[in-house]
>>> print(open('entry-v8.cif').read())   # mmCIF, C-alpha atoms
data_query
loop_
_atom_site.label_atom_id
_atom_site.label_comp_id
_atom_site.auth_asym_id
_atom_site.auth_seq_id
_atom_site.Cartn_x
_atom_site.Cartn_y
_atom_site.Cartn_z
CA MET A 1 -13.54 -9.14 14.08
CA ASN A 2 -9.91 -9.98 13.38
CA GLY A 3 -9.44 -13.60 14.36
CA ALA A 4 -5.75 -12.96 15.04
CA ASN A 5 -6.44 -10.37 17.72
CA THR A 6 -5.27 -11.41 21.18
CA THR A 7 -4.79 -8.00 22.73
CA GLY A 8 -8.13 -7.71 24.50
CA SER A 9 -8.55 -4.26 22.94
CA PRO A 10 -11.89 -2.60 23.79
CA TYR A 11 -12.25 -1.78 20.09
CA ALA A 12 -11.65 -5.38 18.87
CA PRO A 13 -12.33 -7.56 21.91
CA HIS A 14 -12.45 -11.07 20.37
CA THR A 15 -9.52 -13.39 20.85
CA ALA A 16 -8.71 -16.03 18.27
CA GLU A 17 -10.36 -18.66 20.47
CA GLU A 18 -13.55 -16.61 20.84
CA THR A 19 -13.70 -16.02 17.08
CA ALA A 20 -13.22 -19.73 16.39
CA THR A 21 -16.02 -20.62 18.81
CA MET A 22 -18.43 -18.19 17.13
CA LEU A 23 -17.52 -19.44 13.64
CA GLU A 24 -18.13 -23.01 14.74
CA ALA A 25 -21.54 -22.03 16.14
CA VAL A 26 -22.64 -20.60 12.78
CA GLY A 27 -20.99 -23.32 10.71
CA ALA A 28 -18.36 -21.16 9.01
CA ASP A 29 -14.66 -21.88 8.52
CA SER A 30 -13.52 -18.22 8.43
CA VAL A 31 -14.70 -14.68 8.95
CA GLU A 32 -14.32 -14.04 5.22
CA GLU A 33 -16.84 -16.80 4.54
CA LEU A 34 -19.52 -14.69 6.24
CA PHE A 35 -19.30 -12.04 3.53
CA ASP A 36 -20.08 -12.28 -0.17
CA VAL A 37 -18.05 -9.45 -1.67
CA PRO A 38 -17.47 -9.66 -5.45
CA GLU A 39 -13.82 -9.80 -6.43
CA GLU A 40 -14.09 -6.70 -8.63
CA VAL A 41 -15.00 -4.49 -5.67
CA ARG A 42 -12.79 -6.09 -3.02
CA PHE A 43 -10.11 -3.87 -1.49
CA THR A 44 -6.87 -5.84 -1.34
CA ASP A 45 -4.39 -3.03 -0.77
CA GLU A 46 -3.15 -1.59 2.53
CA PHE A 47 -4.83 1.43 4.14
CA GLY A 48 -1.49 2.87 5.15
CA ILE A 49 -2.72 3.78 8.63
CA GLU A 50 0.01 3.41 11.21
CA GLN A 51 -0.98 1.40 14.28
CA ARG A 52 -1.10 3.60 17.39
CA SER A 53 -2.02 3.24 21.02
CA GLU A 54 -5.06 5.07 22.39
CA ARG A 55 -2.80 7.70 24.00
CA GLU A 56 -0.95 8.27 20.72
CA THR A 57 -4.21 8.49 18.80
CA ARG A 58 -5.56 11.09 21.22
CA ARG A 59 -2.36 13.12 20.90
CA LEU A 60 -2.50 12.99 17.09
CA THR A 61 -6.15 14.03 17.05
CA ARG A 62 -5.43 16.93 19.39
CA GLU A 63 -2.54 18.11 17.22
CA ILE A 64 -4.72 18.02 14.09
CA LEU A 65 -7.55 19.94 15.77
CA GLU A 66 -5.10 22.56 17.02
CA GLU A 67 -4.37 23.44 13.39
CA ASN A 68 -7.87 24.94 13.07
CA ASP A 69 -8.05 28.72 13.03
CA ASP A 70 -9.31 30.18 16.29
CA LEU A 71 -11.89 32.62 14.91
CA VAL A 72 -14.78 34.53 16.42
CA GLU A 73 -17.60 33.09 14.34
CA LEU A 74 -20.35 35.51 13.30
CA LEU A 75 -21.70 33.17 10.63
CA GLY A 76 -25.30 32.15 11.33
CA ARG A 77 -27.45 31.45 8.26
CA GLY A 78 -29.10 28.47 9.95
CA HIS A 79 -26.30 27.43 12.32
CA TYR A 80 -26.29 29.18 15.69
CA GLY A 81 -24.01 28.76 18.68
CA TYR A 82 -25.84 29.88 21.80
CA TYR A 83 -24.20 29.31 25.16
CA VAL A 84 -25.15 25.85 26.43
CA PRO A 85 -25.23 25.60 30.25
CA SER A 86 -22.99 22.90 31.76
CA LEU A 87 -26.15 21.44 33.29
CA VAL A 88 -27.07 20.13 29.84
CA ASP A 89 -23.79 18.22 29.51
CA HIS A 90 -23.94 16.76 33.00
CA LEU A 91 -27.50 15.45 32.65
CA ALA A 92 -27.29 14.34 29.02
CA ASP A 93 -24.05 12.45 29.69
CA ARG A 94 -25.66 10.16 32.24
CA SER A 95 -25.15 6.54 31.22
CA GLU A 96 -28.86 5.74 30.98
CA PHE A 97 -29.12 8.34 28.21
CA LEU A 98 -25.83 7.71 26.42
CA THR A 99 -26.23 3.93 26.27
CA SER A 100 -29.90 3.88 25.27
CA TYR A 101 -29.95 3.11 21.55
CA THR A 102 -33.65 3.70 21.08
CA GLN A 103 -36.74 3.37 23.19
CA TYR A 104 -38.35 0.19 21.87
CA GLN A 105 -38.68 -1.31 25.36
CA PRO A 106 -40.63 1.17 27.48
CA GLU A 107 -40.04 -0.74 30.71
CA ALA A 108 -36.31 -0.06 30.33
CA SER A 109 -36.50 3.48 28.97
CA GLN A 110 -39.01 5.41 31.07
CA GLY A 111 -36.65 8.30 31.79
CA PHE A 112 -35.69 8.81 28.15
CA LEU A 113 -39.27 8.42 26.96
CA GLN A 114 -40.42 11.03 29.47
CA VAL A 115 -37.77 13.47 28.24
CA LEU A 116 -38.91 12.96 24.63
CA PHE A 117 -42.51 13.50 25.71
CA GLU A 118 -41.45 16.78 27.34
CA TYR A 119 -39.63 17.73 24.12
CA GLN A 120 -42.81 17.10 22.13
CA SER A 121 -44.83 19.07 24.66
CA LEU A 122 -42.41 21.99 24.37
CA LEU A 123 -42.92 22.14 20.60
CA VAL A 124 -46.69 21.82 20.92
CA GLU A 125 -46.74 24.78 23.31
CA LEU A 126 -44.45 26.90 21.14
CA THR A 127 -46.19 26.18 17.83
CA GLY A 128 -49.79 26.00 19.03
CA LEU A 129 -50.22 22.85 16.94
CA GLU A 130 -51.52 19.62 18.46
CA VAL A 131 -48.85 17.10 17.41
CA ALA A 132 -45.05 17.11 17.40
CA ASN A 133 -42.92 14.05 16.75
CA CYS A 134 -39.90 13.11 18.81
CA SER A 135 -37.41 14.52 16.31
CA MET A 136 -36.18 14.35 12.74
CA TYR A 137 -32.65 14.31 11.35
CA ASP A 138 -32.51 18.03 10.59
CA ALA A 139 -34.51 20.97 9.24
CA SER A 140 -33.97 19.99 5.60
CA THR A 141 -35.32 16.46 5.96
CA ALA A 142 -38.23 17.79 8.03
CA LEU A 143 -39.10 20.09 5.12
CA GLY A 144 -38.84 17.18 2.71
CA GLU A 145 -41.25 15.17 4.89
CA ALA A 146 -43.67 18.12 4.87
CA ALA A 147 -43.68 18.08 1.06
CA THR A 148 -44.47 14.38 0.86
CA LEU A 149 -47.14 14.82 3.54
CA ALA A 150 -48.75 17.53 1.41
CA ASP A 151 -48.69 15.19 -1.57
CA ARG A 152 -50.42 12.44 0.39
CA LEU A 153 -53.11 14.81 1.65
CA ARG A 154 -53.89 16.07 -1.85
CA GLY A 155 -53.90 12.52 -3.22
CA GLY A 156 -52.10 13.42 -6.43
CA SER A 157 -54.23 16.50 -7.11
CA GLY A 158 -51.56 19.13 -7.74
CA THR A 159 -47.82 18.92 -8.29
CA ARG A 160 -46.27 22.26 -7.32
CA VAL A 161 -44.29 22.94 -4.13
CA LEU A 162 -43.49 26.65 -3.67
CA VAL A 163 -40.41 27.76 -1.72
CA PRO A 164 -38.82 31.24 -1.42
CA ASP A 165 -36.01 32.17 -3.78
CA LEU A 166 -33.83 32.81 -0.71
CA LEU A 167 -34.03 29.17 0.41
CA ARG A 168 -30.51 27.90 1.05
CA PRO A 169 -29.35 25.54 -1.74
CA GLY A 170 -28.72 22.57 0.54
CA ARG A 171 -32.22 22.69 1.95
CA ARG A 172 -33.78 22.96 -1.50
CA SER A 173 -31.74 20.05 -2.88
CA THR A 174 -32.89 17.89 0.05
CA VAL A 175 -36.53 18.66 -0.73
CA GLU A 176 -35.92 17.85 -4.38
CA ASN A 177 -34.40 14.52 -3.39
CA TYR A 178 -37.41 13.77 -1.22
CA VAL A 179 -39.91 14.40 -4.00
CA ALA A 180 -37.90 12.55 -6.65
CA GLY A 181 -40.03 9.66 -7.85
CA THR A 182 -43.27 11.59 -7.29
CA ASP A 183 -45.00 14.04 -9.60
CA LEU A 184 -44.06 16.97 -7.34
CA GLU A 185 -41.93 19.82 -8.65
CA VAL A 186 -40.15 22.37 -6.46
CA GLU A 187 -40.52 25.95 -7.68
CA THR A 188 -39.47 29.31 -6.23
CA TYR A 189 -41.41 32.50 -5.64
CA PRO A 190 -39.83 35.97 -5.26
CA THR A 191 -38.94 37.78 -2.05
CA ALA A 192 -38.51 41.50 -1.37
CA ASP A 193 -36.37 42.95 1.43
CA ALA A 194 -35.61 39.36 2.50
CA THR A 195 -39.27 38.50 3.14
CA VAL A 196 -42.15 37.17 1.05
CA ASP A 197 -43.27 39.30 -1.92
CA LEU A 198 -47.01 38.86 -1.38
CA GLU A 199 -48.09 40.04 -4.82
CA ALA A 200 -45.63 37.71 -6.51
CA LEU A 201 -46.70 34.80 -4.30
CA GLU A 202 -50.36 35.43 -5.05
CA ALA A 203 -49.59 35.45 -8.76
CA ALA A 204 -47.68 32.18 -8.44
CA ILE A 205 -50.38 30.25 -6.57
CA ASP A 206 -52.94 28.21 -8.47
CA GLU A 207 -54.93 25.00 -7.96
CA GLU A 208 -51.82 22.93 -8.75
CA VAL A 209 -49.97 24.15 -5.63
CA VAL A 210 -49.91 21.56 -2.84
CA MET A 211 -47.56 23.36 -0.44
CA VAL A 212 -46.34 26.88 0.31
CA TYR A 213 -43.20 27.23 2.41
CA ALA A 214 -42.03 30.38 4.21
CA GLU A 215 -39.47 31.05 6.95
CA ASN A 216 -39.53 33.28 10.03
CA PRO A 217 -36.94 34.62 10.51
CA THR A 218 -35.59 34.24 6.99
CA ILE A 219 -32.09 33.17 6.02
CA ARG A 220 -31.01 36.84 6.14
CA GLY A 221 -32.32 37.27 9.69
CA ALA A 222 -35.37 39.31 8.63
CA ILE A 223 -38.61 38.84 10.56
CA GLU A 224 -41.53 37.96 8.30
CA GLY A 225 -44.42 40.38 8.89
CA ASN A 226 -47.03 38.88 6.56
CA LEU A 227 -47.54 35.37 7.90
CA ASP A 228 -51.31 35.81 8.17
CA ALA A 229 -51.56 36.80 4.52
CA ILE A 230 -49.31 33.92 3.42
CA GLY A 231 -51.44 31.48 5.38
CA ALA A 232 -54.62 32.88 3.84
CA LEU A 233 -53.22 32.54 0.30
CA ALA A 234 -52.26 28.93 0.95
CA ASP A 235 -55.64 28.19 2.49
CA ASP A 236 -57.51 29.68 -0.45
CA ALA A 237 -55.59 27.34 -2.76
CA GLU A 238 -56.20 24.38 -0.42
CA ALA A 239 -52.42 24.06 -0.13
CA LEU A 240 -50.47 23.16 2.99
CA PHE A 241 -48.83 26.18 4.68
CA VAL A 242 -45.46 25.08 6.06
CA LEU A 243 -43.47 27.45 8.27
CA GLY A 244 -39.75 27.14 8.94
CA THR A 245 -38.52 28.47 12.29
CA ASP A 246 -36.84 27.38 15.55
CA PRO A 247 -37.62 27.27 19.31
CA VAL A 248 -35.81 30.51 20.16
CA ALA A 249 -37.64 32.44 17.45
CA LEU A 250 -40.95 30.79 18.41
CA SER A 251 -40.66 32.06 21.97
CA LEU A 252 -40.95 35.65 20.70
CA LEU A 253 -42.48 35.73 17.22
CA GLN A 254 -46.04 35.00 16.08
CA CYS A 255 -47.46 31.63 17.06
CA PRO A 256 -47.64 29.46 13.90
CA ALA A 257 -51.13 28.12 14.67
CA ASP A 258 -52.43 31.70 14.92
CA VAL A 259 -51.30 32.52 11.38
CA GLY A 260 -52.72 29.39 9.77
CA ALA A 261 -49.61 27.19 9.64
CA ASP A 262 -50.41 23.53 8.99
CA VAL A 263 -46.89 22.25 9.59
CA VAL A 264 -43.90 23.75 11.38
CA VAL A 265 -40.39 22.54 10.58
CA GLY A 266 -36.94 23.79 11.46
CA ASP A 267 -33.87 23.18 13.57
CA ALA A 268 -34.50 22.70 17.29
CA SER A 269 -30.80 22.31 18.11
CA VAL A 270 -30.43 26.08 18.56
CA LEU A 271 -31.02 24.94 22.15
CA GLY A 272 -28.84 22.16 23.54
CA LEU A 273 -26.05 22.11 20.96
CA PRO A 274 -23.28 24.55 20.12
CA THR A 275 -22.69 25.38 16.46
CA SER A 276 -22.42 21.96 14.84
CA TYR A 277 -21.65 22.81 11.20
CA GLY A 278 -24.40 20.74 9.62
CA MET A 279 -25.59 18.39 12.36
CA GLY A 280 -28.94 19.46 13.75
CA LEU A 281 -32.24 18.36 15.21
CA GLY A 282 -35.21 18.52 12.90
CA LEU A 283 -38.47 19.63 14.48
CA PHE A 284 -41.78 18.62 12.98
CA ALA A 285 -45.15 19.75 14.36
CA THR A 286 -48.54 19.64 12.70
CA ARG A 287 -52.30 19.69 13.21
CA GLY A 288 -54.04 16.87 15.04
CA GLU A 289 -56.03 15.93 11.97
CA TYR A 290 -52.78 14.87 10.26
CA LEU A 291 -51.73 12.60 13.13
CA ARG A 292 -51.55 9.45 11.01
CA GLN A 293 -49.42 11.25 8.43
CA VAL A 294 -46.65 12.32 10.84
CA PRO A 295 -43.24 10.81 9.97
CA GLY A 296 -41.12 9.08 12.56
CA ARG A 297 -42.39 8.35 16.06
CA LEU A 298 -44.54 9.81 18.81
CA VAL A 299 -44.15 9.26 22.54
CA GLY A 300 -47.42 9.07 24.46
CA VAL A 301 -48.59 8.78 28.06
CA SER A 302 -50.37 5.73 29.44
CA GLU A 303 -50.84 3.84 32.72
CA ASP A 304 -49.43 0.51 33.81
CA SER A 305 -51.26 -2.29 35.62
CA SER A 306 -50.77 -0.42 38.91
CA ASP A 307 -52.28 2.79 37.53
CA ARG A 308 -48.90 4.52 37.48
CA ARG A 309 -48.13 7.12 34.81
CA THR A 310 -46.00 5.56 32.08
CA TYR A 311 -44.54 6.52 28.72
CA THR A 312 -44.35 4.51 25.51
CA LEU A 313 -43.84 4.88 21.77
CA THR A 314 -47.46 5.38 20.79
CA LEU A 315 -47.25 5.84 17.03
CA GLN A 316 -44.51 4.64 14.69
CA THR A 317 -45.16 5.24 11.01
CA ARG A 318 -41.95 4.02 9.42
CA GLU A 319 -41.84 0.89 7.32
CA GLN A 320 -39.67 -0.99 9.82
CA HIS A 321 -42.58 -1.08 12.27
CA ILE A 322 -45.71 -1.36 10.12
CA ARG A 323 -46.73 -2.76 6.76
CA ARG A 324 -44.58 -1.09 4.15
CA GLU A 325 -47.50 0.15 2.04
CA ARG A 326 -48.85 2.02 5.08
CA ALA A 327 -45.57 3.73 6.00
CA THR A 328 -45.42 7.51 5.67
CA SER A 329 -41.64 7.81 5.86
CA ASN A 330 -38.45 5.80 5.57
CA ILE A 331 -36.77 7.68 8.41
CA CYS A 332 -34.83 4.96 10.20
CA THR A 333 -33.70 6.64 13.38
CA ASN A 334 -33.91 10.06 14.96
CA GLN A 335 -31.94 12.55 17.01
CA ALA A 336 -33.23 11.39 20.41
CA TRP A 337 -30.13 12.34 22.38
CA VAL A 338 -30.02 15.78 20.77
CA ALA A 339 -33.74 16.20 21.51
CA LEU A 340 -32.92 15.31 25.10
CA ARG A 341 -30.35 18.11 25.21
CA THR A 342 -32.81 20.57 23.67
CA ALA A 343 -35.46 19.67 26.25
CA ILE A 344 -33.00 20.08 29.13
CA HIS A 345 -31.75 23.43 27.84
CA ALA A 346 -35.30 24.75 27.30
CA ALA A 347 -36.39 23.58 30.75
CA SER A 348 -33.38 25.24 32.37
CA LEU A 349 -34.23 28.55 30.66
CA GLY A 350 -37.95 28.38 31.34
CA PRO A 351 -40.49 30.49 29.41
CA SER A 352 -39.13 33.84 30.55
CA GLY A 353 -35.55 32.78 29.87
CA MET A 354 -36.38 31.76 26.32
CA VAL A 355 -38.14 35.06 25.69
CA ASP A 356 -35.15 36.94 27.11
CA LEU A 357 -32.81 34.99 24.82
CA ALA A 358 -34.89 35.84 21.76
CA GLU A 359 -35.28 39.50 22.71
CA ARG A 360 -31.54 39.72 23.28
CA GLY A 361 -31.06 38.41 19.73
CA VAL A 362 -33.20 41.25 18.36
CA VAL A 363 -31.66 44.01 20.48
CA ARG A 364 -28.06 42.98 19.90
CA ALA A 365 -28.45 42.39 16.15
CA GLU A 366 -30.21 45.67 15.52
CA GLY A 367 -27.89 47.52 17.88
CA LEU A 368 -24.80 46.25 16.08
CA ALA A 369 -26.37 47.11 12.72
CA GLU A 370 -26.84 50.71 13.87
CA ARG A 371 -23.21 50.96 14.95
CA ILE A 372 -22.00 49.44 11.67
CA ASP A 373 -24.21 51.83 9.69
CA ASP A 374 -22.24 54.71 11.22
CA LEU A 375 -19.02 53.44 9.62
CA PRO A 376 -17.97 55.11 6.34
CA GLY A 377 -18.60 52.88 3.34
CA VAL A 378 -20.96 50.47 5.11
CA THR A 379 -24.78 50.32 5.14
CA ALA A 380 -26.61 48.14 7.64
CA PRO A 381 -29.03 46.55 7.62
CA VAL A 382 -29.63 46.20 3.88
CA ASP A 383 -33.15 44.83 4.33
CA ASP A 384 -35.73 47.28 5.67
CA ARG A 385 -37.09 44.83 8.24
CA ARG A 386 -36.77 43.94 11.91
CA HIS A 387 -34.05 41.35 12.52
CA LEU A 388 -33.38 38.45 14.85
CA ARG A 389 -29.81 37.26 15.47
CA GLU A 390 -28.35 38.36 12.13
CA PHE A 391 -28.50 40.88 9.32
CA VAL A 392 -26.87 41.76 6.00
CA ALA A 393 -24.62 44.79 5.49
CA ARG A 394 -23.58 46.37 2.18
CA VAL A 395 -19.92 47.40 1.78
CA ASP A 396 -18.33 49.74 -0.75
CA GLY A 397 -15.40 47.42 -1.37
CA ASN A 398 -15.38 43.83 -2.59
CA ALA A 399 -17.24 41.70 -0.04
CA GLU A 400 -14.99 38.66 -0.47
CA THR A 401 -11.86 40.75 0.06
CA ILE A 402 -13.38 42.26 3.21
CA ARG A 403 -14.37 38.80 4.44
CA THR A 404 -10.79 37.60 3.97
CA ASP A 405 -9.35 40.67 5.69
CA LEU A 406 -11.70 40.14 8.62
CA GLU A 407 -10.64 36.50 8.83
CA ASP A 408 -7.02 37.61 9.02
CA ARG A 409 -8.03 39.69 12.04
CA GLY A 410 -9.80 36.75 13.71
CA TYR A 411 -13.43 37.17 12.64
CA ALA A 412 -15.51 34.94 10.36
CA VAL A 413 -18.50 36.31 8.42
CA HIS A 414 -20.31 35.29 5.23
CA ALA A 415 -19.78 37.09 1.94
CA VAL A 416 -23.29 36.84 0.51
CA ASP A 417 -22.41 38.37 -2.86
CA ASP A 418 -19.95 40.91 -4.29
CA GLU A 419 -21.30 43.76 -2.16
CA GLU A 420 -22.85 42.15 0.93
CA ILE A 421 -21.64 40.45 4.07
CA GLN A 422 -23.82 38.77 6.69
CA ILE A 423 -23.20 39.09 10.42
CA CYS A 424 -24.70 36.96 13.22
CA VAL A 425 -24.50 37.91 16.91
CA ALA A 426 -25.76 34.62 18.41
CA GLY A 427 -23.19 33.19 20.80
CA ALA A 428 -20.79 36.15 20.55
CA THR A 429 -19.97 38.21 23.61
CA ASP A 430 -20.35 41.97 23.72
CA GLU A 431 -16.55 42.25 23.92
CA GLN A 432 -16.18 40.17 20.75
CA LEU A 433 -18.72 42.33 18.93
CA ASP A 434 -16.79 45.45 19.97
CA GLY A 435 -13.62 43.88 18.56
CA PHE A 436 -15.39 42.97 15.34
CA LEU A 437 -16.67 46.53 14.90
CA GLU A 438 -13.12 47.84 15.25
CA ALA A 439 -11.81 45.27 12.74
CA LEU A 440 -14.58 46.10 10.25
CA SER A 441 -13.79 49.80 10.51
CA GLU A 442 -10.17 49.03 9.64
CA VAL A 443 -10.86 46.86 6.60
CA THR A 444 -13.47 49.20 5.10
CA ARG A 445 -11.46 52.42 5.29
#
>>> encode(input="entry-v8.cif", output="structure tokens")
Amino acid sequence: MNGANTTGSPYAPHTAEETATMLEAVGADSVEELFDVPEEVRFTDEFGIEQRSERETRRLTREILEENDDLVELLGRGHYGYYVPSLVDHLADRSEFLTSYTQYQPEASQGFLQVLFEYQSLLVELTGLEVANCSMYDASTALGEAATLADRLRGGSGTRVLVPDLLRPGRRSTVENYVAGTDLEVETYPTADATVDLEALEAAIDEEVVMVYAENPTIRGAIEGNLDAIGALADDAEALFVLGTDPVALSLLQCPADVGADVVVGDASVLGLPTSYGMGLGLFATRGEYLRQVPGRLVGVSEDSSDRRTYTLTLQTREQHIRRERATSNICTNQAWVALRTAIHAASLGPSGMVDLAERGVVRAEGLAERIDDLPGVTAPVDDRRHLREFVARVDGNAETIRTDLEDRGYAVHAVDDEEIQICVAGATDEQLDGFLEALSEVTR
């Protein structure tokens, strides 16, 4: 802290006297003496940040945020903005949740530990698998952990990780970073109509494959109809079948355990968070036989000395908690508070509410696609599949020009390539979709 500070600011609370007392206690003459920063990397210039009061800082931040365009976002492609009930904010903002760093001390964290246990139980029920950890950073890192898990299970026998050619670049690069330093190589297999090309996948699989990854729904919103066959191909090759999905999709689509999935990864923050532009909540569920290979932490149920039901961190496989050579992951924290929000949102919806939300995503996406298909110069959906939440439409004009024209009218969509735009209905009201349809008809005339 700045030893000259005497303001009592909540952001820099130490007075000069307090700083001097602490320095004396550790045997240092100055704050600078506590740090060994080489001269060649020291920053000696000024930051040029004007000092402001808290009120002035809030005003400045508000003014900057008000410069953002106020668009109806129909973006999707992995980031979805469902309506989050105010109940989630009110419960998650309780001080015992906000101020709990992590749940190392079960006697002080029973409420939070119970919520995380409920979150795990939710994923176990939705996936049909026996084990779910109490969250990962995001879907990409969860997929990376699945690849290294597959490598450990095969014990170096095999080096190929197969992912679909539609896999978003950011997710693929994360997996590649995870396997860097191992013998694993990430390779793609073809898709057709936005889902797995089974013949091409079968031709790509051999004894060197350690993991096969597929998504349901896919990045283009298409529902994968051949999960059983994909699982069988992976099983025949003794490869891990990893399925990417999310809790909303899981409430309606095929149960992963029923189609042979060994690991389920994805983004659980479709419940509990609005669209967060990159921040997420990685889900990771797997078979009971892989319990000791699960990254991160597990919350379990026990009993105290009075036979009362209690919760505790049962399994922690990161190197900070166990001998480094036995660690399965270097994940250093998790998304506990976001998992809390997901659990609250799911509990508030209940099983029937989650099914209704998923069915609404199918009905509204396919209904909008039909209306768009009636417009001159537009074909929707491009992929001959059922869709959840989003779909791709082909336009006669330049897709980027149409995207820009739509943005000028207050609507944000993705231009997938020169001829295709992608539209997501999650979080949009019926009135907003009506307005978008009118705007699209104008820009495609």
>>> atom_distance(input="entry-v8.cif", atom1="atom CA of Arg52 of chain A", atom2="atom CA of Glu66 of chain A")
19.4 Å
>>> resolve_selection(input="entry-v8.cif", expression="the PyMOL selection byres ((chain A and resi 253) around 9)", output="list in words")
Asn216, Pro217, Ile223, Val248, Ala249, Leu250, Ser251, Leu252, Gln254, Cys255, Pro256 and Ala358 of chain A
>>> residues_around(input="entry-v8.cif", residues="Leu437 of chain A", least_positions_apart="3", cutoff="8 Å", atoms="only C-alpha atoms", output="JSON list (two decimals) with C-alpha atoms, in the coordinates of the input")
[["chain", "number", "residue", "atom", "x", "y", "z"],
["A", 371, "ARG", "CA", -23.21, 50.96, 14.95],
["A", 372, "ILE", "CA", -22.00, 49.44, 11.67],
["A", 433, "LEU", "CA", -18.72, 42.33, 18.93],
["A", 434, "ASP", "CA", -16.79, 45.45, 19.97],
["A", 440, "LEU", "CA", -14.58, 46.10, 10.25],
["A", 441, "SER", "CA", -13.79, 49.80, 10.51]]
>>> resolve_selection(input="entry-v8.cif", expression="the PyMOL selection byres ((chain A and resi 279) around 12)", output="JSON, numbers by chain")
{"A": [78, 79, 80, 136, 137, 138, 139, 140, 141, 267, 268, 269, 270, 273, 274, 275, 276, 277, 278, 280, 281, 282, 335, 338]}
>>> resolve_selection(input="entry-v8.cif", expression="the PyMOL selection byres ((chain A and resi 369) around 10)", output="short mmCIF file (atom, residue, chain, number, x, y, z; two decimals) with C-alpha atoms, in the frame of the given file")
data_model
loop_
_atom_site.label_atom_id
_atom_site.label_comp_id
_atom_site.auth_asym_id
_atom_site.auth_seq_id
_atom_site.Cartn_x
_atom_site.Cartn_y
_atom_site.Cartn_z
CA VAL A 363 -31.66 44.01 20.48
CA ARG A 364 -28.06 42.98 19.90
CA ALA A 365 -28.45 42.39 16.15
CA GLU A 366 -30.21 45.67 15.52
CA GLY A 367 -27.89 47.52 17.88
CA LEU A 368 -24.80 46.25 16.08
CA GLU A 370 -26.84 50.71 13.87
CA ARG A 371 -23.21 50.96 14.95
CA ILE A 372 -22.00 49.44 11.67
CA ASP A 373 -24.21 51.83 9.69
CA ASP A 374 -22.24 54.71 11.22
CA VAL A 378 -20.96 50.47 5.11
CA THR A 379 -24.78 50.32 5.14
CA ALA A 380 -26.61 48.14 7.64
CA PRO A 381 -29.03 46.55 7.62
CA VAL A 382 -29.63 46.20 3.88
CA HIS A 387 -34.05 41.35 12.52
CA GLU A 390 -28.35 38.36 12.13
CA PHE A 391 -28.50 40.88 9.32
CA VAL A 392 -26.87 41.76 6.00
CA ALA A 393 -24.62 44.79 5.49
CA ILE A 423 -23.20 39.09 10.42
CA LEU A 437 -16.67 46.53 14.90
#
>>> atom_distance(input="entry-v8.cif", atom1="atom CA of Val88 of chain A", atom2="atom CA of Gly435 of chain A")
29.5 Å
>>> closest_residue(input="entry-v8.cif", among="A:Glu187, A:Glu238, A:Asp69, A:Asp197", to="Val210 of chain A", atoms="all atoms listed in the file")
A:Glu238
